[in-house]
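S.K.: Okay, handing you the structure first.
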Amino acid sequence: MLFTDLGLSEPILRAIAEEGYTSPTPIQAKSIPAVLKGGDLLAAAQTGTGKTAGFTLPILQRLTSSKASSGKRLLRVLILTPTRELAAQVQESVVTYGKYTGLKSTVIFGGVGANPQIKAIAGGLDILVATPGRLLDLMSQNCVSLKDIEILVLDEADRMLDMGFLRDIKKILAVLPKQRQNLLFSATFSTEIKALADGLLNAPELIEVARSNSTNEAIAQLIHPVDRAKKHPLLAHLIQSNDWKQVLVFTRTKHGANKLVTQLEKDGITSMAIHGNKSQSARTKALADFKAGKLTALVATDIAARGIDIDQLPHVVNYDLPNVSEDYVHRIGRTGRAGSNGVAVSLVCVDEHQMLKDIEKLIKQKLPQEVIAGFEPDPNAVAQPIQLRSQQHQQSRKPRPAGSGGAPAKKAPAKRSSPPKRSFNR
């Protein structure tokens, strides 16, 4: 199947072609026709499957083929995302593929000044991409009106619920027009997501592409058993001995991310951290430098890295295994995109043996293990308890005040080279 088979207009097809793409991914091939029909949609798709273009392309098509009833530029589409990073990524997709349509869009999120965002909204928009907190802030100041919304998108709805945005979402839904198209995208069809969908969607079409517990076959997965105290030296050894140029490293905590960056810098490995305690400017710089090849290692926590979209990222390292098994799939999904191969390495100490078993049970495969010479784990080491994420984030899951903004990092704009003719995962 080609994009030319999906009923998209010439201006949109021209923008797609300029990016070097001809064929849709499976989620795009299913969701684009579904959105164009005008009905509600419930879709399960992981980050990296191309779901962003799966809804931005048909939304652009619908807006260009049906003008606003008043003839004026009206805010007709609202796209809600859980994080600043993902919001920026969605906005980039809208701008890239809508550049010949004449449609206007902007993105709003917390952590930066509101005045430029207010000015952009006042200038007239067709599409608004937002995190819930900042949107509620501007709504309370009467800076944005949602009375003309025709299409609502909840992107990564599972993560929005996980981050405690349910109350914010309900406040936003309460002011939207009753007659509208609703598109809900989630990595899983959990009980909570089904409950949200039941109250939001009207006879939705269901699409599920790649089960949430499946991993990309293009990603080579490997476990390196190691003592907890030797994880940092082993990571430095792997980077230097293999001459890795670009590595996304996941840690369990913000403190762990900061500590690891300090250690890697002492080893001569250029590194920066990205997590919720970093300023917006620091996050933006870290992402921009990493994508530009100025950093070898970007060290991130789970929520901060959600939505990071880097073409042909070669290596992901789980410095700490995630407490929630599903997050393993999301983490390693940063690599192996758009048909390229990737490597996902996990450094596993005795504390994490049960976590590894849970991950292997989820993905239904036994992961290969390789002990690195000089870093052999002590067979007599005793496991120490690891605090569960549900305990660590108990406060963050409580309803948040409207003024708390979006959450993690804004995606730094980056000019990417034209990819080969293939399906794309954006």
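By order of appearance in the structure tokens: chains A, B, ..., then residues from 1 within every chain, and ligands from 1 in the order shown.
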Hey, which bits of range 162-200 of chain A sit within 12 Å of range 320-333 of chain A, and for each residue what's the closest pair of atoms and how far apart in Å (one decimal), counting only C-alpha atoms, rows by chain and increasing number, as JSON lines?
M.R.:
```
{"residue": "A:Asp162", "atom": "CA", "partner": "A:Val324", "partner_atom": "CA", "distance": 11.7}
{"residue": "A:Ala187", "atom": "CA", "partner": "A:His330", "partner_atom": "CA", "distance": 8.9}
{"residue": "A:Thr188", "atom": "CA", "partner": "A:Glu326", "partner_atom": "CA", "distance": 9.4}
{"residue": "A:Ser190", "atom": "CA", "partner": "A:Glu326", "partner_atom": "CA", "distance": 11.8}
```
S.K.: Would you save the residues from that selection as a compact mmCIF listing (two decimals), in the first residue's frame, using C-alpha atoms?
M.R.:
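Output saved as result.txt:
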```txt
# COMPACT_ATOMS: atom_id res chain seq x y z
CA ASP A 162 -0.49 7.12 34.96
CA ALA A 187 -0.09 1.68 24.27
CA THR A 188 -2.45 -0.71 26.05
CA SER A 190 -5.98 -1.52 30.20
```
S.K.: Output as a PyMOL selection string all residues of range 27-88 of chain A that backbone DSSP marks as alpha helix (DSSP H).
M.R.: chain A and resi 27-37+51-65+84-88
S.K.: Fewer than 4 positions away in the same chain doesn't count, so skip those; otherwise give me all residues within 6 Å of range 171-185 of chain A, counting only C-alpha atoms, as a PyMOL selection string.
M.R.: chain A and resi 39-44+146-147+150-156
S.K.: Taking all heavy atoms for each residue, export the selection above as an mmCIF file, in the first residue's frame.
M.R.:
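File produced: result_7.cif:
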```
data_model
loop_
_atom_site.group_PDB
_atom_site.id
_atom_site.type_symbol
_atom_site.label_atom_id
_atom_site.label_comp_id
_atom_site.auth_asym_id
_atom_site.auth_seq_id
_atom_site.Cartn_x
_atom_site.Cartn_y
_atom_site.Cartn_z
ATOM 1 N N GLY A 39 -15.697 8.976 12.293
ATOM 2 C CA GLY A 39 -16.163 8.358 13.524
ATOM 3 C C GLY A 39 -15.087 8.341 14.596
ATOM 4 O O GLY A 39 -13.932 8.698 14.368
ATOM 5 N N ASP A 40 -15.486 7.914 15.798
ATOM 6 C CA ASP A 40 -14.544 7.816 16.907
ATOM 7 C C ASP A 40 -13.614 6.621 16.707
ATOM 8 O O ASP A 40 -13.955 5.650 16.011
ATOM 9 C CB ASP A 40 -15.293 7.674 18.233
ATOM 10 C CG ASP A 40 -15.954 8.976 18.670
ATOM 11 O OD1 ASP A 40 -15.846 9.973 17.926
ATOM 12 O OD2 ASP A 40 -16.568 9.004 19.753
ATOM 13 N N LEU A 41 -12.441 6.706 17.346
ATOM 14 C CA LEU A 41 -11.420 5.678 17.161
ATOM 15 C C LEU A 41 -10.738 5.385 18.482
ATOM 16 O O LEU A 41 -10.376 6.294 19.229
ATOM 17 C CB LEU A 41 -10.376 6.149 16.142
ATOM 18 C CG LEU A 41 -9.152 5.245 15.915
ATOM 19 C CD1 LEU A 41 -9.577 3.930 15.300
ATOM 20 C CD2 LEU A 41 -8.123 5.948 15.036
ATOM 21 N N LEU A 42 -10.562 4.105 18.785
ATOM 22 C CA LEU A 42 -9.765 3.648 19.921
ATOM 23 C C LEU A 42 -8.645 2.789 19.362
ATOM 24 O O LEU A 42 -8.902 1.732 18.783
ATOM 25 C CB LEU A 42 -10.629 2.848 20.901
ATOM 26 C CG LEU A 42 -9.902 2.204 22.092
ATOM 27 C CD1 LEU A 42 -9.185 3.251 22.925
ATOM 28 C CD2 LEU A 42 -10.877 1.412 22.954
ATOM 29 N N ALA A 43 -7.414 3.247 19.510
ATOM 30 C CA ALA A 43 -6.283 2.561 18.894
ATOM 31 C C ALA A 43 -5.212 2.235 19.928
ATOM 32 O O ALA A 43 -4.866 3.076 20.759
ATOM 33 C CB ALA A 43 -5.678 3.423 17.781
ATOM 34 N N ALA A 44 -4.724 1.016 19.878
ATOM 35 C CA ALA A 44 -3.602 0.604 20.718
ATOM 36 C C ALA A 44 -2.364 0.527 19.843
ATOM 37 O O ALA A 44 -2.300 -0.277 18.912
ATOM 38 C CB ALA A 44 -3.875 -0.755 21.368
ATOM 39 N N LEU A 146 -12.514 26.651 23.456
ATOM 40 C CA LEU A 146 -12.631 25.332 22.845
ATOM 41 C C LEU A 146 -14.030 25.085 22.287
ATOM 42 O O LEU A 146 -14.393 23.955 21.977
ATOM 43 C CB LEU A 146 -12.294 24.244 23.879
ATOM 44 C CG LEU A 146 -10.924 24.348 24.556
ATOM 45 C CD1 LEU A 146 -10.734 23.214 25.550
ATOM 46 C CD2 LEU A 146 -9.792 24.365 23.538
ATOM 47 N N LYS A 147 -14.810 26.139 22.113
ATOM 48 C CA LYS A 147 -16.218 25.983 21.725
ATOM 49 C C LYS A 147 -16.406 25.491 20.297
ATOM 50 O O LYS A 147 -17.482 25.002 19.941
ATOM 51 C CB LYS A 147 -16.971 27.305 21.920
ATOM 52 C CG LYS A 147 -16.527 28.445 21.012
ATOM 53 C CD LYS A 147 -17.311 29.706 21.318
ATOM 54 C CE LYS A 147 -16.893 30.857 20.413
ATOM 55 N NZ LYS A 147 -17.185 30.592 18.986
ATOM 56 N N GLU A 150 -13.826 20.384 16.771
ATOM 57 C CA GLU A 150 -14.497 19.331 16.014
ATOM 58 C C GLU A 150 -13.831 17.966 16.210
ATOM 59 O O GLU A 150 -14.484 16.932 16.068
ATOM 60 C CB GLU A 150 -14.487 19.675 14.522
ATOM 61 C CG GLU A 150 -15.214 20.968 14.182
ATOM 62 C CD GLU A 150 -15.036 21.354 12.723
ATOM 63 O OE1 GLU A 150 -14.472 20.544 11.950
ATOM 64 O OE2 GLU A 150 -15.443 22.467 12.351
ATOM 65 N N ILE A 151 -12.529 17.983 16.501
ATOM 66 C CA ILE A 151 -11.784 16.733 16.673
ATOM 67 C C ILE A 151 -10.933 16.830 17.938
ATOM 68 O O ILE A 151 -10.186 17.794 18.124
ATOM 69 C CB ILE A 151 -10.864 16.446 15.467
ATOM 70 C CG1 ILE A 151 -11.669 16.409 14.164
ATOM 71 C CG2 ILE A 151 -10.119 15.122 15.663
ATOM 72 C CD1 ILE A 151 -10.802 16.285 12.913
ATOM 73 N N LEU A 152 -11.058 15.832 18.810
ATOM 74 C CA LEU A 152 -10.238 15.738 20.013
ATOM 75 C C LEU A 152 -9.367 14.494 19.912
ATOM 76 O O LEU A 152 -9.857 13.408 19.603
ATOM 77 C CB LEU A 152 -11.118 15.639 21.261
ATOM 78 C CG LEU A 152 -10.391 15.255 22.561
ATOM 79 C CD1 LEU A 152 -9.473 16.392 23.018
ATOM 80 C CD2 LEU A 152 -11.374 14.871 23.659
ATOM 81 N N VAL A 153 -8.070 14.661 20.189
ATOM 82 C CA VAL A 153 -7.142 13.531 20.229
ATOM 83 C C VAL A 153 -6.554 13.429 21.631
ATOM 84 O O VAL A 153 -6.032 14.413 22.165
ATOM 85 C CB VAL A 153 -5.993 13.699 19.213
ATOM 86 C CG1 VAL A 153 -5.063 12.479 19.265
ATOM 87 C CG2 VAL A 153 -6.527 13.895 17.807
ATOM 88 N N LEU A 154 -6.647 12.255 22.227
ATOM 89 C CA LEU A 154 -5.923 11.954 23.461
ATOM 90 C C LEU A 154 -4.788 11.017 23.089
ATOM 91 O O LEU A 154 -5.010 9.841 22.780
ATOM 92 C CB LEU A 154 -6.831 11.294 24.497
ATOM 93 C CG LEU A 154 -7.974 12.132 25.075
ATOM 94 C CD1 LEU A 154 -8.715 11.346 26.156
ATOM 95 C CD2 LEU A 154 -7.458 13.439 25.650
ATOM 96 N N ASP A 155 -3.573 11.533 23.073
ATOM 97 C CA ASP A 155 -2.414 10.748 22.662
ATOM 98 C C ASP A 155 -1.710 10.188 23.894
ATOM 99 O O ASP A 155 -1.523 10.891 24.883
ATOM 100 C CB ASP A 155 -1.453 11.614 21.842
ATOM 101 C CG ASP A 155 -0.400 10.784 21.135
ATOM 102 O OD1 ASP A 155 -0.576 9.552 21.033
ATOM 103 O OD2 ASP A 155 0.597 11.363 20.676
ATOM 104 N N GLU A 156 -1.308 8.924 23.823
ATOM 105 C CA GLU A 156 -0.692 8.214 24.947
ATOM 106 C C GLU A 156 -1.560 8.375 26.191
ATOM 107 O O GLU A 156 -1.105 8.807 27.257
ATOM 108 C CB GLU A 156 0.747 8.693 25.170
ATOM 109 C CG GLU A 156 1.637 8.437 23.972
ATOM 110 C CD GLU A 156 3.085 8.147 24.320
ATOM 111 O OE1 GLU A 156 3.431 8.172 25.513
ATOM 112 O OE2 GLU A 156 3.860 7.895 23.388
#
```
S.K.: What's the 7 Å shell around range 119-135 of chain A, counting only C-alpha atoms, without same-chain residues fewer than 2 positions away, as a ChimeraX atom specification?
M.R.: /A:73-84,87,91,103-110,115-117,137-139,144,168-169,402-406
S.K.: Can you pull out every residue within 8 Å of range 241-258 of chain A, counting only C-alpha atoms, but drop anything in the same chain fewer than 6 positions away, and send it as a ChimeraX atom specification?
M.R.: /A:273-277,290,293,295-302,313-322,331
S.K.: Choose the residue, out of A:Gly199, A:Gly342, A:Pro225, A:Gly164, that has the smallest atom-to-atom separation from Glu376 in chain A; count only C-alpha atoms.
M.R.: A:Pro225
S.K.: Using only C-alpha atoms, which residue out of A:Ile310, A:Val226, A:Leu347, A:Leu260 lies closest to Asp378 in chain A?
M.R.: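 Residue with the minimum atom-to-atom distance to Asp378 in chain A: A:Val226.
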S.K.: Using backbone DSSP assignments, extract all strand (DSSP E) residues from range 326-379 of chain A; output them as a list in words.
M.R.: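 Secondary structure check on range 326-379 of chain A, strand (DSSP E): Gly342, Val343, Ala344, Val345, Ser346, Leu347 and Val348 of chain A.
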S.K.: Which is closest to Leu234 in chain A among A:Leu6, A:Cys349, A:Ala34, A:Leu362, if we use only C-alpha atoms?
M.R.: A:Cys349
S.K.: I need the residue nearest Gln89 in chain A from this list: A:Thr56, A:Ser65, A:Thr22, A:Asn380. Use only C-alpha atoms for the distance.
M.R.: A:Thr56
S.K.: Quote the spacing between CA of Ser145 in chain A and CA of Lys170 in chain A in Å to one decimal place.
M.R.: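 Between these atoms lies a distance of 16.1 Å.
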S.K.: Please provide the set of residues having any atom within 9 Å of Leu13 in chain A, restricted to only C-alpha atoms, with same-chain residues fewer than 2 positions apart removed, written as a short mmCIF file (atom, residue, chain, number, x, y, z; two decimals) with N, CA, C and O atoms, in the first residue's frame.
M.R.:
```cif
data_model
loop_
_atom_site.label_atom_id
_atom_site.label_comp_id
_atom_site.auth_asym_id
_atom_site.auth_seq_id
_atom_site.Cartn_x
_atom_site.Cartn_y
_atom_site.Cartn_z
N PHE A 3 0.89 5.76 0.24
CA PHE A 3 0.12 6.90 0.77
C PHE A 3 -0.86 7.43 -0.27
O PHE A 3 -1.93 7.94 0.08
N THR A 4 -0.52 7.27 -1.53
CA THR A 4 -1.41 7.75 -2.59
C THR A 4 -2.71 6.95 -2.66
O THR A 4 -3.65 7.37 -3.33
N LEU A 8 -5.51 10.98 0.54
CA LEU A 8 -4.92 12.24 1.01
C LEU A 8 -4.74 13.19 -0.17
O LEU A 8 -4.47 12.77 -1.29
N SER A 9 -4.84 14.48 0.10
CA SER A 9 -4.77 15.49 -0.95
C SER A 9 -3.34 15.70 -1.43
O SER A 9 -2.37 15.33 -0.76
N GLU A 10 -3.22 16.35 -2.57
CA GLU A 10 -1.90 16.58 -3.18
C GLU A 10 -0.95 17.37 -2.29
O GLU A 10 0.22 17.01 -2.18
N PRO A 11 -1.42 18.45 -1.61
CA PRO A 11 -0.49 19.18 -0.74
C PRO A 11 0.09 18.32 0.37
O PRO A 11 1.28 18.45 0.72
N ALA A 15 4.12 16.92 0.82
CA ALA A 15 4.93 17.05 2.04
C ALA A 15 5.48 15.70 2.49
O ALA A 15 6.64 15.60 2.91
N ILE A 16 4.66 14.66 2.38
CA ILE A 16 5.12 13.31 2.74
C ILE A 16 6.26 12.89 1.82
O ILE A 16 7.28 12.36 2.27
N ALA A 17 6.11 13.13 0.53
CA ALA A 17 7.14 12.75 -0.45
C ALA A 17 8.45 13.48 -0.19
O ALA A 17 9.53 12.90 -0.35
N GLU A 18 8.35 14.73 0.21
CA GLU A 18 9.57 15.51 0.49
C GLU A 18 10.34 14.95 1.68
O GLU A 18 11.54 15.16 1.79
N THR A 22 6.96 6.79 1.17
CA THR A 22 5.97 6.39 0.18
C THR A 22 4.91 5.45 0.74
O THR A 22 3.78 5.46 0.28
N TYR A 97 3.91 18.03 7.84
CA TYR A 97 3.02 17.48 6.83
C TYR A 97 1.88 18.42 6.45
O TYR A 97 1.15 18.17 5.49
#
```
S.K.: Neighbouring residues of Met1 in chain A were defined as those with any atom within 8 Å, considering only C-alpha atoms; residues of the same chain fewer than 2 positions away were excluded. Please report them as number ranges by chain.
M.R.: A: 3, 5, 23-24, 29
S.K.: For all heavy atoms, I'd like the residues from the last selection saved as a PDB file, in the first residue's frame.
M.R.:
```
ATOM      1  N   PHE A   3       0.885   5.762   0.239  1.00  0.00           N
ATOM      2  CA  PHE A   3       0.123   6.898   0.771  1.00  0.00           C
ATOM      3  C   PHE A   3      -0.862   7.425  -0.269  1.00  0.00           C
ATOM      4  O   PHE A   3      -1.926   7.939   0.082  1.00  0.00           O
ATOM      5  CB  PHE A   3       1.065   8.015   1.220  1.00  0.00           C
ATOM      6  CG  PHE A   3       1.676   7.767   2.576  1.00  0.00           C
ATOM      7  CD1 PHE A   3       3.021   7.486   2.700  1.00  0.00           C
ATOM      8  CD2 PHE A   3       0.904   7.815   3.723  1.00  0.00           C
ATOM      9  CE1 PHE A   3       3.586   7.255   3.950  1.00  0.00           C
ATOM     10  CE2 PHE A   3       1.458   7.579   4.968  1.00  0.00           C
ATOM     11  CZ  PHE A   3       2.807   7.298   5.080  1.00  0.00           C
ATOM     12  N   ASP A   5      -2.765   5.810  -1.967  1.00  0.00           N
ATOM     13  CA  ASP A   5      -3.971   4.984  -1.964  1.00  0.00           C
ATOM     14  C   ASP A   5      -4.942   5.344  -0.839  1.00  0.00           C
ATOM     15  O   ASP A   5      -6.010   4.745  -0.732  1.00  0.00           O
ATOM     16  CB  ASP A   5      -3.601   3.494  -1.809  1.00  0.00           C
ATOM     17  CG  ASP A   5      -2.682   3.003  -2.911  1.00  0.00           C
ATOM     18  OD1 ASP A   5      -2.872   3.441  -4.063  1.00  0.00           O
ATOM     19  OD2 ASP A   5      -1.780   2.192  -2.626  1.00  0.00           O
ATOM     20  N   SER A  23       5.286   4.622   1.722  1.00  0.00           N
ATOM     21  CA  SER A  23       4.377   3.600   2.241  1.00  0.00           C
ATOM     22  C   SER A  23       4.048   3.836   3.712  1.00  0.00           C
ATOM     23  O   SER A  23       4.944   4.138   4.508  1.00  0.00           O
ATOM     24  CB  SER A  23       4.994   2.209   2.090  1.00  0.00           C
ATOM     25  OG  SER A  23       5.253   1.935   0.728  1.00  0.00           O
ATOM     26  N   PRO A  24       2.785   3.686   4.094  1.00  0.00           N
ATOM     27  CA  PRO A  24       2.401   3.856   5.498  1.00  0.00           C
ATOM     28  C   PRO A  24       2.794   2.658   6.346  1.00  0.00           C
ATOM     29  O   PRO A  24       2.926   1.542   5.842  1.00  0.00           O
ATOM     30  CB  PRO A  24       0.878   3.993   5.433  1.00  0.00           C
ATOM     31  CG  PRO A  24       0.499   3.195   4.222  1.00  0.00           C
ATOM     32  CD  PRO A  24       1.619   3.389   3.240  1.00  0.00           C
ATOM     33  N   ALA A  29      -1.837   2.755   8.029  1.00  0.00           N
ATOM     34  CA  ALA A  29      -2.701   2.167   7.004  1.00  0.00           C
ATOM     35  C   ALA A  29      -4.104   1.901   7.538  1.00  0.00           C
ATOM     36  O   ALA A  29      -5.091   1.963   6.792  1.00  0.00           O
ATOM     37  CB  ALA A  29      -2.083   0.873   6.481  1.00  0.00           C
TER      38      ALA A  29
END
```
S.K.: Under the rule that only C-alpha atoms are counted, which of A:Leu235, A:Lys278, A:Arg14, A:Gln354 is the nearest residue to Gln263 in chain A?
M.R.: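 Result for the nearest residue to Gln263 in chain A: A:Leu235.
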S.K.: Please, what distance in Å, to one decimal, runs between CA of His353 in chain A and CA of Leu161 in chain A?
M.R.: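 That distance, rounded to one decimal, is 28.5 Å.
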S.K.: So, counting only C-alpha atoms, which residue among A:Ile12, A:Val261, A:Lys291, A:Gln312 is closest to Val95 in chain A?
M.R.: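 Looking only at the distances to Val95 in chain A, the closest residue turns out to be A:Ile12.
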